[in-house]
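Reading through the structure tokens given below for one structure.
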Amino acid sequence: MHDSGEGPAVLFLHAFPLDASQWDHQVAALSDARRCLRPAIWGCGDSPPPPEDAAGLDDYARAIVSALDERGVDRFSVVGLSMGGYVAFEIWRLAAARIGAIAFCNTRAGADSDASRSDRLAMAERVLSEGSPESIVEASVERLLGPRARREAHITDPVRGRIRRCTPAGIAFAQRAMAARRDSTPTLAAIGVPTLVVAGRDDAVIPAADVDSLAAGLPAAARVDLDCGHLSNLELPHEFNRTLAEFLDSAPAA
């Protein structure tokens, strides 16, 4: 787990198929006043391979909470984007009393449809059989980024690099774990801490209806819609940072 800065702790949970470096812009902007903690899911970035006995996002969430315990982090806020939002729900179920605020970014509460689940499992099998993430790189860039971001090499090239730093085992674990995740919609009403919902108007991964459902189900949610695709923090880092900083500043100190 990357650990930068001092002050109230903020846990950053990355999207699939990226790694902890997805949050470099946010750490640069916030670490002068906040302690920024960034795990990477097993098999991606500099994270170790998935443990043989790990099967779900709840296993990954338990490992994160354990790592926070080892670092003496008792209270923290959570920022989760896409898959990171799914992990945030699992961490809430494990450690709700320790969480001061949650930002759900470009994510949903619901479980996968049958078609989405089938697609995830097919990708897991494909990358394992190919022994490389290369076949998903360009399709992922096309799907994850909005039209304007796809024309910007300073955005697309780092995304490609992050995908290539994921091992086939890491991709397969993440996809299988997301395919098996539970529906967190019934959990929304119990999340009483301040919450922020960030959406991308050109997000091709999370439909607007899913964002609407997430925001409506949270008792204390603020919502911000940005002119971007799925990776809002990479496509519009300055706007994202400003939105996140304002939210964290307004929430009770973690």
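Labels used: A, B, ... for chains in the order of the structure tokens, numbers from 1 for residues in each chain, and numbers from 1 for ligands as shown.
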TODO: Using DSSP on the backbone coordinates, identify all residues within segment 8-235 of chain A classified as strand (DSSP E); present the result as a PyMOL selection string.
DONE: chain A and resi 9-13+35-38+76-81+99-105+195-200+221-226
Those selected residues, please, written with C-alpha atoms and delivered as a CSV table (one decimal), in the first residue's frame.
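Below is the file that was written, part-v9.csv:
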chain,number,residue,atom,x,y,z
A,9,ALA,CA,-6.4,9.6,6.2
A,10,VAL,CA,-8.0,9.1,2.8
A,11,LEU,CA,-8.1,5.6,1.3
A,12,PHE,CA,-8.1,5.7,-2.6
A,13,LEU,CA,-9.4,2.6,-4.3
A,35,ARG,CA,-2.5,11.1,4.4
A,36,CYS,CA,-3.2,9.4,1.1
A,37,LEU,CA,-3.3,5.6,1.2
A,38,ARG,CA,-3.4,3.7,-2.1
A,76,PHE,CA,-10.4,7.3,7.3
A,77,SER,CA,-12.4,8.6,4.4
A,78,VAL,CA,-12.8,6.4,1.3
A,79,VAL,CA,-12.6,7.4,-2.4
A,80,GLY,CA,-13.5,4.6,-4.8
A,81,LEU,CA,-13.8,4.7,-8.5
A,99,ILE,CA,-15.2,5.7,8.0
A,100,GLY,CA,-15.8,9.4,8.1
A,101,ALA,CA,-16.9,10.0,4.5
A,102,ILE,CA,-17.2,8.1,1.1
A,103,ALA,CA,-16.8,9.4,-2.4
A,104,PHE,CA,-18.4,7.0,-4.9
A,105,CYS,CA,-17.0,7.9,-8.3
A,195,THR,CA,-21.2,10.8,0.7
A,196,LEU,CA,-20.3,12.2,-2.7
A,197,VAL,CA,-21.4,10.8,-6.1
A,198,VAL,CA,-19.2,11.7,-9.1
A,199,ALA,CA,-20.5,10.8,-12.5
A,200,GLY,CA,-19.2,11.3,-16.1
A,221,ALA,CA,-25.3,12.3,-0.9
A,222,ALA,CA,-24.0,15.3,-2.9
A,223,ARG,CA,-23.7,14.7,-6.6
A,224,VAL,CA,-21.4,16.2,-9.2
A,225,ASP,CA,-21.6,15.4,-13.0
A,226,LEU,CA,-18.5,16.1,-15.0
For segment 199-245 of chain A versus segment 139-152 of chain A, which residues have an atom no more than 8 Å away, and what is each residue's nearest atom pair and distance in Å rounded to one decimal, using only C-alpha atoms, chain-then-number order, as a Markdown table?
| residue | atom | partner | partner_atom | distance |
| --- | --- | --- | --- | --- |
| A:Asp202 | CA | A:Gly146 | CA | 5.7 |
| A:Asp203 | CA | A:Gly146 | CA | 6.7 |
| A:Ala204 | CA | A:Arg143 | CA | 6.2 |
| A:Val205 | CA | A:Leu144 | CA | 7.0 |
| A:Cys228 | CA | A:Gly146 | CA | 5.3 |
| A:Gly229 | CA | A:Gly146 | CA | 3.8 |
| A:His230 | CA | A:Leu144 | CA | 5.1 |
| A:Leu231 | CA | A:Leu145 | CA | 6.2 |
| A:Glu235 | CA | A:Ala149 | CA | 5.9 |
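Distance-wise, atom CA of Ala115 of chain A and atom CA of His14 of chain A end up 23.5 Å apart.
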Open item on the list: I need the helix (DSSP H, G or I) residues of segment 153-250 of chain A per DSSP on the backbone, written as a VMD selection string.
Closed with: chain A and resid 153 to 164 168 to 179 185 to 190 208 to 217 232 to 235 237 to 250
Next, write the just-selected residues to a file, as an mmCIF file, in the first residue's frame, keeping C-alpha atoms as the atom set.
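Below is the file that was written, again15.cif:
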data_model
loop_
_atom_site.group_PDB
_atom_site.id
_atom_site.type_symbol
_atom_site.label_atom_id
_atom_site.label_comp_id
_atom_site.auth_asym_id
_atom_site.auth_seq_id
_atom_site.Cartn_x
_atom_site.Cartn_y
_atom_site.Cartn_z
ATOM 1 C CA ALA A 153 -1.883 11.072 -25.566
ATOM 2 C CA HIS A 154 -0.964 12.333 -22.100
ATOM 3 C CA ILE A 155 -4.112 10.574 -20.864
ATOM 4 C CA THR A 156 -4.306 7.515 -23.107
ATOM 5 C CA ASP A 157 -0.659 6.447 -22.907
ATOM 6 C CA PRO A 158 -0.533 6.232 -19.084
ATOM 7 C CA VAL A 159 -3.817 4.290 -19.105
ATOM 8 C CA ARG A 160 -2.311 1.794 -21.551
ATOM 9 C CA GLY A 161 0.766 1.493 -19.364
ATOM 10 C CA ARG A 162 -1.280 0.815 -16.245
ATOM 11 C CA ILE A 163 -3.288 -1.914 -17.977
ATOM 12 C CA ARG A 164 -0.049 -3.559 -19.134
ATOM 13 C CA PRO A 168 -3.294 -12.139 -16.301
ATOM 14 C CA ALA A 169 -3.823 -13.547 -12.806
ATOM 15 C CA GLY A 170 -4.638 -10.081 -11.469
ATOM 16 C CA ILE A 171 -7.087 -9.364 -14.273
ATOM 17 C CA ALA A 172 -8.752 -12.744 -13.823
ATOM 18 C CA PHE A 173 -9.078 -12.319 -10.054
ATOM 19 C CA ALA A 174 -10.589 -8.842 -10.391
ATOM 20 C CA GLN A 175 -13.064 -9.877 -13.080
ATOM 21 C CA ARG A 176 -14.183 -13.004 -11.274
ATOM 22 C CA ALA A 177 -14.499 -11.117 -7.992
ATOM 23 C CA MET A 178 -16.560 -8.344 -9.589
ATOM 24 C CA ALA A 179 -18.755 -10.913 -11.352
ATOM 25 C CA THR A 185 -28.380 -1.445 -3.106
ATOM 26 C CA PRO A 186 -29.875 -2.594 0.244
ATOM 27 C CA THR A 187 -26.772 -1.195 1.976
ATOM 28 C CA LEU A 188 -27.232 2.377 0.728
ATOM 29 C CA ALA A 189 -29.794 3.491 3.293
ATOM 30 C CA ALA A 190 -27.459 2.502 6.141
ATOM 31 C CA ALA A 208 -26.989 7.354 -15.936
ATOM 32 C CA ALA A 209 -29.811 5.292 -14.436
ATOM 33 C CA ASP A 210 -27.330 3.471 -12.208
ATOM 34 C CA VAL A 211 -25.871 6.777 -11.020
ATOM 35 C CA ASP A 212 -29.374 8.089 -10.320
ATOM 36 C CA SER A 213 -30.192 4.986 -8.286
ATOM 37 C CA LEU A 214 -26.953 5.228 -6.298
ATOM 38 C CA ALA A 215 -27.390 8.908 -5.471
ATOM 39 C CA ALA A 216 -31.083 8.529 -4.606
ATOM 40 C CA GLY A 217 -30.401 5.624 -2.246
ATOM 41 C CA SER A 232 -13.083 11.110 -14.178
ATOM 42 C CA ASN A 233 -10.022 11.598 -11.985
ATOM 43 C CA LEU A 234 -7.667 11.075 -14.948
ATOM 44 C CA GLU A 235 -9.670 12.877 -17.613
ATOM 45 C CA PRO A 237 -7.914 15.938 -12.712
ATOM 46 C CA HIS A 238 -8.201 19.618 -11.756
ATOM 47 C CA GLU A 239 -11.999 19.591 -11.616
ATOM 48 C CA PHE A 240 -11.992 16.240 -9.844
ATOM 49 C CA ASN A 241 -9.424 17.420 -7.286
ATOM 50 C CA ARG A 242 -11.357 20.597 -6.574
ATOM 51 C CA THR A 243 -14.594 18.639 -6.139
ATOM 52 C CA LEU A 244 -12.963 16.054 -3.904
ATOM 53 C CA ALA A 245 -11.100 18.598 -1.769
ATOM 54 C CA GLU A 246 -14.274 20.605 -1.190
ATOM 55 C CA PHE A 247 -16.133 17.448 -0.197
ATOM 56 C CA LEU A 248 -13.428 16.223 2.176
ATOM 57 C CA ASP A 249 -13.053 19.683 3.723
ATOM 58 C CA SER A 250 -16.781 19.812 4.415
#
- [ ] Determine, counting only C-alpha atoms, which protein, DNA and RNA residues have an atom within 10 Å of an atom of Arg182 of chain A; residues of the same chain fewer than 6 positions away are not included. Present the result as a PyMOL selection string.
- [x] chain A and resi 56-58+86+89-90+109-112
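Computed from the coordinates, the atom CA of Ala20 of chain A to atom CA of Trp92 of chain A distance equals 19.8 Å.
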Open item on the list: My list of candidates is A:Leu18, A:Met83, A:Ile41, A:Ala29. Which is closest to Asn106 of chain A when distances are computed with only C-alpha atoms?
Closed with: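 Closest residue, counting only C-alpha atoms: A:Met83.
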- [ ] Have a look at atom CA of Thr167 of chain A and atom CA of Glu70 of chain A and let me know their distance in Å, one decimal.
- [x]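 Taking atom CA of Thr167 of chain A as the start and atom CA of Glu70 of chain A as the end point, the length is 26.4 Å.
Residue nearest Gly131 of chain A, chosen from A:Pro194, A:Asp227, A:Leu236, A:Cys166 and counting only C-alpha atoms: A:Cys166.
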Task: Residue nearest Met123 of chain A among A:Ala251, A:Ala95, A:Val87, A:Ile136 (counting only C-alpha atoms) - done: A:Ile136
Open item on the list: Env of Gly5 of chain A: 6 Å cut, atoms = only C-alpha atoms, seq-sep filter 4 positions within chain, self excluded. Answer as a list in words.
Closed with: Ser31, Asp32, Arg34 and Arg35 of chain A
